[in-house]
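Chemist: One structure coming up, written as structure tokens, with questions to follow.
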Amino acid sequence: MTFVVTDNCIKCKYMDCVEVCPVDCFYEGENMLVIHPDECIDCGVCEPECPADAISADTEPGLESWVRLNAEYAAVWPNITIKREPPADAKAFDGVANKLGQYFSANPGQGD
Amino acid sequence: MTVAADKLDPVSEDGIRRLVDAFYVKVRADPALAPIFARAIRSDWQPHLTKMYAFWSSVMLTTGRYKGNPVAKHLIVPDIKPELFERWLALFDATCREQFDNATSEAFRIKAERIAESLKLALFYRPERPWPPEPAP
């Protein structure tokens with residue numbers, strides 16, 4: 001079991017989660033974060049910290065594609081443990097539907 | 001039955017320190033767990049206790065005080081077995097109930113069980129074997 005980052009992180013990327021994660025298991029893409037499933041210890045600390053409500057337990061139904069996406073990109077994106085400024089237009093994208101299809105970037109972020 | 005007033009405190013750094021200290025007194029007296037920890041820690045327990053204060057502070061108070069890789073740390077422990085996690089959880093829950101009120105103990109128990117399950121999966125899960133693992137005969 002693990003937690004996964006889902007659609008509403010895309011283009012919001014508030015990064016509050018990385019400060020509280022005890023095991024530094026967040027990885028940064030250009031416009032979203034993912035959780036490394038083999039490093040997450042399921043403590044759940046990050047879930048309520050996300051201002052965009054984008055983090056869920058992988059036991060919730062319908063998240064299979066997000067579980068795969070988190071695992072795939074956690075293996076190639078850089079680790080992030082220190083929060084930076086979120087994107088200037090984060091608020092405007094908070095709550096926009098289906099951001100994966102429209103905005104997701106597979107490019108790595110800058111990491112720590 | 002009334003709960004002692006000092007058990008009704010919300011979780012605090014002090015409460016976590018008392019919990020961790022009392023828990024590891026039990027661990028060091030436990031026939032199953034003591035030898036495992038003794039091999040991993042050898043002589044000075046304080047660095048481990050300090051790390052555990054930070055860990056539970058991060059988990060229960062969201063302070064971000066602990067940063068580490070518990071999966072890697074557990075992978076190198078000789079003779080670690082799934083059933084030792086059950087023993088660990090039982091002692092931890094008993095200690096929580098001595099230190100805290102029911103709601104706080106429950107909050108610790110739920111976190112501890114989830115973390116233990118994820119550590120067990122990381123350490124022992126193999127796609128070709130049944131899960132949960134059966135105790136060794």
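Chain lettering (A, B, ...) mirrors the order of the structure tokens, residue numbering begins at 1 for each chain separately, and ligand numbering begins at 1 in order of display.
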Given only C-alpha atoms, how would the per-residue table for chain B near chain A read, listing every residue at most 12 Å away with its closest atom pair and distance in Å to one decimal, sorted by chain and number, as JSON lines?
Modeler:
{"residue": "B:Lys51", "atom": "CA", "partner": "A:Pro22", "partner_atom": "CA", "distance": 11.4}
{"residue": "B:Met52", "atom": "CA", "partner": "A:Pro22", "partner_atom": "CA", "distance": 11.5}
{"residue": "B:Ala54", "atom": "CA", "partner": "A:Pro22", "partner_atom": "CA", "distance": 9.2}
{"residue": "B:Phe55", "atom": "CA", "partner": "A:Pro22", "partner_atom": "CA", "distance": 7.1}
{"residue": "B:Trp56", "atom": "CA", "partner": "A:Pro22", "partner_atom": "CA", "distance": 9.5}
{"residue": "B:Ser57", "atom": "CA", "partner": "A:Pro22", "partner_atom": "CA", "distance": 9.7}
{"residue": "B:Ser58", "atom": "CA", "partner": "A:Pro22", "partner_atom": "CA", "distance": 6.2}
{"residue": "B:Val59", "atom": "CA", "partner": "A:Val45", "partner_atom": "CA", "distance": 6.1}
{"residue": "B:Met60", "atom": "CA", "partner": "A:Val45", "partner_atom": "CA", "distance": 7.9}
{"residue": "B:Leu61", "atom": "CA", "partner": "A:Val45", "partner_atom": "CA", "distance": 8.8}
{"residue": "B:Thr62", "atom": "CA", "partner": "A:Val20", "partner_atom": "CA", "distance": 5.8}
{"residue": "B:Thr63", "atom": "CA", "partner": "A:Val20", "partner_atom": "CA", "distance": 6.4}
{"residue": "B:Gly64", "atom": "CA", "partner": "A:Val20", "partner_atom": "CA", "distance": 4.4}
{"residue": "B:Arg65", "atom": "CA", "partner": "A:Pro22", "partner_atom": "CA", "distance": 7.5}
{"residue": "B:Tyr66", "atom": "CA", "partner": "A:Pro22", "partner_atom": "CA", "distance": 5.3}
{"residue": "B:Lys67", "atom": "CA", "partner": "A:Pro22", "partner_atom": "CA", "distance": 4.9}
{"residue": "B:Gly68", "atom": "CA", "partner": "A:Val23", "partner_atom": "CA", "distance": 5.2}
{"residue": "B:Asn69", "atom": "CA", "partner": "A:Val23", "partner_atom": "CA", "distance": 5.5}
{"residue": "B:Pro70", "atom": "CA", "partner": "A:Val23", "partner_atom": "CA", "distance": 7.4}
{"residue": "B:Val71", "atom": "CA", "partner": "A:Glu39", "partner_atom": "CA", "distance": 7.0}
{"residue": "B:Ala72", "atom": "CA", "partner": "A:Glu39", "partner_atom": "CA", "distance": 9.0}
{"residue": "B:Lys73", "atom": "CA", "partner": "A:Val23", "partner_atom": "CA", "distance": 11.7}
{"residue": "B:Ala107", "atom": "CA", "partner": "A:Cys43", "partner_atom": "CA", "distance": 11.4}
{"residue": "B:Phe108", "atom": "CA", "partner": "A:Cys43", "partner_atom": "CA", "distance": 10.6}
{"residue": "B:Arg109", "atom": "CA", "partner": "A:Cys43", "partner_atom": "CA", "distance": 11.5}
{"residue": "B:Ile110", "atom": "CA", "partner": "A:Cys43", "partner_atom": "CA", "distance": 9.4}
{"residue": "B:Lys111", "atom": "CA", "partner": "A:Cys43", "partner_atom": "CA", "distance": 6.0}
{"residue": "B:Ala112", "atom": "CA", "partner": "A:Cys43", "partner_atom": "CA", "distance": 8.1}
{"residue": "B:Glu113", "atom": "CA", "partner": "A:Cys43", "partner_atom": "CA", "distance": 9.4}
{"residue": "B:Arg114", "atom": "CA", "partner": "A:Asp42", "partner_atom": "CA", "distance": 6.0}
{"residue": "B:Ile115", "atom": "CA", "partner": "A:Ile41", "partner_atom": "CA", "distance": 5.3}
{"residue": "B:Ala116", "atom": "CA", "partner": "A:Ile41", "partner_atom": "CA", "distance": 8.1}
{"residue": "B:Glu117", "atom": "CA", "partner": "A:Met1", "partner_atom": "CA", "distance": 7.9}
{"residue": "B:Ser118", "atom": "CA", "partner": "A:Ile41", "partner_atom": "CA", "distance": 5.4}
{"residue": "B:Leu119", "atom": "CA", "partner": "A:Ile41", "partner_atom": "CA", "distance": 6.6}
{"residue": "B:Lys120", "atom": "CA", "partner": "A:Ile41", "partner_atom": "CA", "distance": 9.9}
{"residue": "B:Leu121", "atom": "CA", "partner": "A:Met1", "partner_atom": "CA", "distance": 8.0}
{"residue": "B:Ala122", "atom": "CA", "partner": "A:Asp38", "partner_atom": "CA", "distance": 6.7}
{"residue": "B:Leu123", "atom": "CA", "partner": "A:Asp38", "partner_atom": "CA", "distance": 10.2}
{"residue": "B:Tyr125", "atom": "CA", "partner": "A:Asp38", "partner_atom": "CA", "distance": 11.4}
Chemist: Can you spit out the residues from that selection as an mmCIF file, in the first residue's frame, using C-alpha atoms?
Modeler:
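Written out: selection-v4.cif:
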data_model
loop_
_atom_site.group_PDB
_atom_site.id
_atom_site.type_symbol
_atom_site.label_atom_id
_atom_site.label_comp_id
_atom_site.auth_asym_id
_atom_site.auth_seq_id
_atom_site.Cartn_x
_atom_site.Cartn_y
_atom_site.Cartn_z
ATOM 1 C CA LYS B 51 15.539 9.262 16.086
ATOM 2 C CA MET B 52 12.265 7.661 17.170
ATOM 3 C CA ALA B 54 11.664 12.630 15.621
ATOM 4 C CA PHE B 55 9.940 9.867 13.625
ATOM 5 C CA TRP B 56 6.762 9.850 15.719
ATOM 6 C CA SER B 57 6.807 13.643 15.865
ATOM 7 C CA SER B 58 6.822 13.681 12.049
ATOM 8 C CA VAL B 59 4.046 11.113 11.820
ATOM 9 C CA MET B 60 1.732 12.390 14.591
ATOM 10 C CA LEU B 61 2.502 16.112 14.669
ATOM 11 C CA THR B 62 3.498 16.668 11.009
ATOM 12 C CA THR B 63 6.693 18.422 12.066
ATOM 13 C CA GLY B 64 8.959 16.999 9.354
ATOM 14 C CA ARG B 65 11.596 16.416 12.066
ATOM 15 C CA TYR B 66 12.507 12.915 10.866
ATOM 16 C CA LYS B 67 14.150 12.360 7.516
ATOM 17 C CA GLY B 68 15.323 8.864 6.758
ATOM 18 C CA ASN B 69 14.821 5.605 4.909
ATOM 19 C CA PRO B 70 13.218 3.086 7.261
ATOM 20 C CA VAL B 71 12.780 0.472 4.511
ATOM 21 C CA ALA B 72 16.531 0.358 3.880
ATOM 22 C CA LYS B 73 17.259 0.272 7.629
ATOM 23 C CA ALA B 107 -4.600 7.204 16.385
ATOM 24 C CA PHE B 108 -1.143 5.794 17.151
ATOM 25 C CA ARG B 109 -2.282 2.203 16.587
ATOM 26 C CA ILE B 110 -3.757 2.982 13.155
ATOM 27 C CA LYS B 111 -0.585 4.780 12.012
ATOM 28 C CA ALA B 112 1.698 2.074 13.418
ATOM 29 C CA GLU B 113 -0.264 -0.730 11.731
ATOM 30 C CA ARG B 114 -0.196 0.970 8.337
ATOM 31 C CA ILE B 115 3.510 1.687 8.555
ATOM 32 C CA ALA B 116 4.236 -1.874 9.732
ATOM 33 C CA GLU B 117 2.208 -3.305 6.841
ATOM 34 C CA SER B 118 4.089 -1.224 4.307
ATOM 35 C CA LEU B 119 7.455 -2.188 5.825
ATOM 36 C CA LYS B 120 6.425 -5.860 5.762
ATOM 37 C CA LEU B 121 5.402 -5.568 2.111
ATOM 38 C CA ALA B 122 8.723 -3.925 1.266
ATOM 39 C CA LEU B 123 10.699 -6.579 3.140
ATOM 40 C CA TYR B 125 6.419 -9.487 -0.401
#
Chemist: For Ala52 (chain A), list every protein, DNA or RNA residue within 8 Å, evaluated using only C-alpha atoms, and leave out those in the same chain fewer than 4 positions away; present the list as a JSON list (two decimals) with C-alpha atoms, in the first residue's frame.
Modeler:
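Saved file out-v3.json follows:
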[["chain", "number", "residue", "atom", "x", "y", "z"],
["A", 8, "ASN", "CA", -5.27, 17.94, -9.36],
["A", 9, "CYS", "CA", -1.52, 18.23, -8.64],
["A", 12, "CYS", "CA", -0.76, 23.34, -9.07],
["A", 14, "TYR", "CA", 2.05, 23.37, -4.19],
["A", 94, "ASP", "CA", -6.82, 24.22, -8.83],
["A", 95, "GLY", "CA", -9.94, 22.15, -9.49]]
Chemist: When you draw a straight line from CA of Trp45 (chain B) to CA of Val27 (chain B), how long is it in Å?
Modeler: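 According to the coordinates, CA of Trp45 (chain B) and CA of Val27 (chain B) are separated by 11.8 Å.
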Chemist: Just list the residues in chain A DSSP gives strand (DSSP E or B) on the backbone, as a PyMOL selection string.
Modeler: chain A and resi 3-5+26-29+33-35+55-57+79+108
Chemist: Which residue gives the smallest distance to Phe37 (chain B) among B:Cys96, B:Val11, B:Arg18, B:His74, with only C-alpha atoms counted?
Modeler: B:His74
Chemist: Would you please work out which residue, of B:Leu33, B:Phe23, B:Arg28, B:Arg42, is nearest to Glu86 (chain B) when using only C-alpha atoms?
Modeler: B:Leu33
Chemist: Quick one: everything within 9 Å of region 90-93 of chain A, counting only C-alpha atoms, minus sequence neighbours fewer than 3 positions away in the same chain. Send it as number ranges by chain.
Modeler: A: 8, 10-14, 86-87, 96-97, 99
Chemist: Please write the residues from the selection above to a file, keeping all heavy atoms, as a JSON list (two decimals), in the first residue's frame.
Modeler:
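Listed below is the output, again27.json:
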[["chain", "number", "residue", "atom", "x", "y", "z"],
["A", 8, "ASN", "N", -5.22, 16.51, -9.72],
["A", 8, "ASN", "CA", -5.27, 17.94, -9.36],
["A", 8, "ASN", "C", -3.91, 18.53, -8.97],
["A", 8, "ASN", "O", -3.78, 19.74, -8.81],
["A", 8, "ASN", "CB", -6.30, 18.21, -8.27],
["A", 8, "ASN", "CG", -6.80, 19.65, -8.31],
["A", 8, "ASN", "OD1", -6.91, 20.24, -9.38],
["A", 8, "ASN", "ND2", -7.06, 20.23, -7.14],
["A", 10, "ILE", "N", -1.45, 18.46, -11.05],
["A", 10, "ILE", "CA", -0.89, 18.98, -12.29],
["A", 10, "ILE", "C", -1.13, 20.49, -12.42],
["A", 10, "ILE", "O", -2.25, 20.97, -12.26],
["A", 10, "ILE", "CB", -1.51, 18.23, -13.51],
["A", 10, "ILE", "CG1", -1.11, 16.75, -13.46],
["A", 10, "ILE", "CG2", -1.07, 18.87, -14.83],
["A", 10, "ILE", "CD1", -1.89, 15.85, -14.42],
["A", 11, "LYS", "N", -0.05, 21.20, -12.66],
["A", 11, "LYS", "CA", -0.02, 22.67, -12.78],
["A", 11, "LYS", "C", -0.39, 23.41, -11.49],
["A", 11, "LYS", "O", -0.48, 24.64, -11.49],
["A", 11, "LYS", "CB", -0.88, 23.16, -13.95],
["A", 11, "LYS", "CG", -0.21, 22.86, -15.30],
["A", 11, "LYS", "CD", -0.97, 23.42, -16.48],
["A", 11, "LYS", "CE", -0.73, 24.88, -16.75],
["A", 11, "LYS", "NZ", 0.65, 25.17, -17.21],
["A", 12, "CYS", "N", -0.60, 22.68, -10.38],
["A", 12, "CYS", "CA", -0.76, 23.34, -9.07],
["A", 12, "CYS", "C", 0.56, 23.20, -8.30],
["A", 12, "CYS", "O", 1.15, 24.18, -7.89],
["A", 12, "CYS", "CB", -1.91, 22.72, -8.28],
["A", 12, "CYS", "SG", -3.52, 23.27, -8.89],
["A", 13, "LYS", "N", 1.01, 21.95, -8.13],
["A", 13, "LYS", "CA", 2.33, 21.67, -7.56],
["A", 13, "LYS", "C", 2.67, 22.58, -6.39],
["A", 13, "LYS", "O", 3.66, 23.31, -6.42],
["A", 13, "LYS", "CB", 3.40, 21.77, -8.66],
["A", 13, "LYS", "CG", 4.66, 20.98, -8.33],
["A", 13, "LYS", "CD", 5.54, 20.75, -9.54],
["A", 13, "LYS", "CE", 6.58, 21.82, -9.71],
["A", 13, "LYS", "NZ", 7.61, 21.46, -10.72],
["A", 14, "TYR", "N", 1.83, 22.51, -5.37],
["A", 14, "TYR", "CA", 2.05, 23.37, -4.19],
["A", 14, "TYR", "C", 3.26, 22.93, -3.36],
["A", 14, "TYR", "O", 3.86, 23.72, -2.66],
["A", 14, "TYR", "CB", 0.80, 23.36, -3.30],
["A", 14, "TYR", "CG", -0.37, 24.12, -3.87],
["A", 14, "TYR", "CD1", -1.55, 23.46, -4.22],
["A", 14, "TYR", "CD2", -0.31, 25.49, -4.04],
["A", 14, "TYR", "CE1", -2.64, 24.15, -4.72],
["A", 14, "TYR", "CE2", -1.41, 26.20, -4.55],
["A", 14, "TYR", "CZ", -2.56, 25.52, -4.88],
["A", 14, "TYR", "OH", -3.63, 26.22, -5.38],
["A", 86, "PRO", "N", 5.18, 27.73, -5.39],
["A", 86, "PRO", "CA", 4.33, 27.06, -6.40],
["A", 86, "PRO", "C", 4.23, 27.93, -7.65],
["A", 86, "PRO", "O", 4.58, 29.12, -7.60],
["A", 86, "PRO", "CB", 2.97, 26.95, -5.72],
["A", 86, "PRO", "CG", 3.10, 27.50, -4.35],
["A", 86, "PRO", "CD", 4.46, 28.15, -4.20],
["A", 87, "PRO", "N", 3.75, 27.36, -8.76],
["A", 87, "PRO", "CA", 3.59, 28.17, -9.98],
["A", 87, "PRO", "C", 2.68, 29.37, -9.70],
["A", 87, "PRO", "O", 1.75, 29.28, -8.91],
["A", 87, "PRO", "CB", 2.91, 27.21, -10.96],
["A", 87, "PRO", "CG", 3.08, 25.84, -10.40],
["A", 87, "PRO", "CD", 3.33, 25.98, -8.94],
["A", 96, "VAL", "N", -9.49, 22.38, -11.87],
["A", 96, "VAL", "CA", -9.78, 22.17, -13.29],
["A", 96, "VAL", "C", -9.86, 20.66, -13.55],
["A", 96, "VAL", "O", -9.05, 19.90, -13.04],
["A", 96, "VAL", "CB", -8.68, 22.82, -14.16],
["A", 96, "VAL", "CG1", -8.84, 22.43, -15.63],
["A", 96, "VAL", "CG2", -8.69, 24.33, -14.01],
["A", 97, "ALA", "N", -10.85, 20.24, -14.33],
["A", 97, "ALA", "CA", -11.06, 18.80, -14.56],
["A", 97, "ALA", "C", -10.10, 18.25, -15.61],
["A", 97, "ALA", "O", -9.67, 18.98, -16.51],
["A", 97, "ALA", "CB", -12.50, 18.55, -14.99],
["A", 99, "LYS", "N", -6.89, 17.30, -15.99],
["A", 99, "LYS", "CA", -5.66, 18.00, -16.35],
["A", 99, "LYS", "C", -4.64, 17.06, -17.00],
["A", 99, "LYS", "O", -3.78, 17.50, -17.76],
["A", 99, "LYS", "CB", -5.06, 18.66, -15.09],
["A", 99, "LYS", "CG", -5.93, 19.82, -14.59],
["A", 99, "LYS", "CD", -5.20, 20.68, -13.60],
["A", 99, "LYS", "CE", -5.45, 20.23, -12.18],
["A", 99, "LYS", "NZ", -4.83, 21.14, -11.19]]
Chemist: Ranking B:Ile16, B:Tyr24, B:Asp79, B:Pro10 by minimum distance to Arg39 (chain B) and counting only C-alpha atoms, which one comes first?
Modeler: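 The closest residue to Arg39 (chain B) is B:Asp79.
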Chemist: Quote the spacing between CA of Asp30 (chain B) and CA of Leu89 (chain B) in Å to one decimal place.
Modeler: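 That distance, rounded to one decimal, is 12.6 Å.
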Chemist: So which one's closest to Val77 (chain B), B:Gly15, B:Pro133, B:Thr95, B:Pro35? Using only C-alpha atoms, please.
Modeler: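 Among B:Gly15, B:Pro133, B:Thr95, B:Pro35, it is B:Pro35 that comes nearest to Val77 (chain B).
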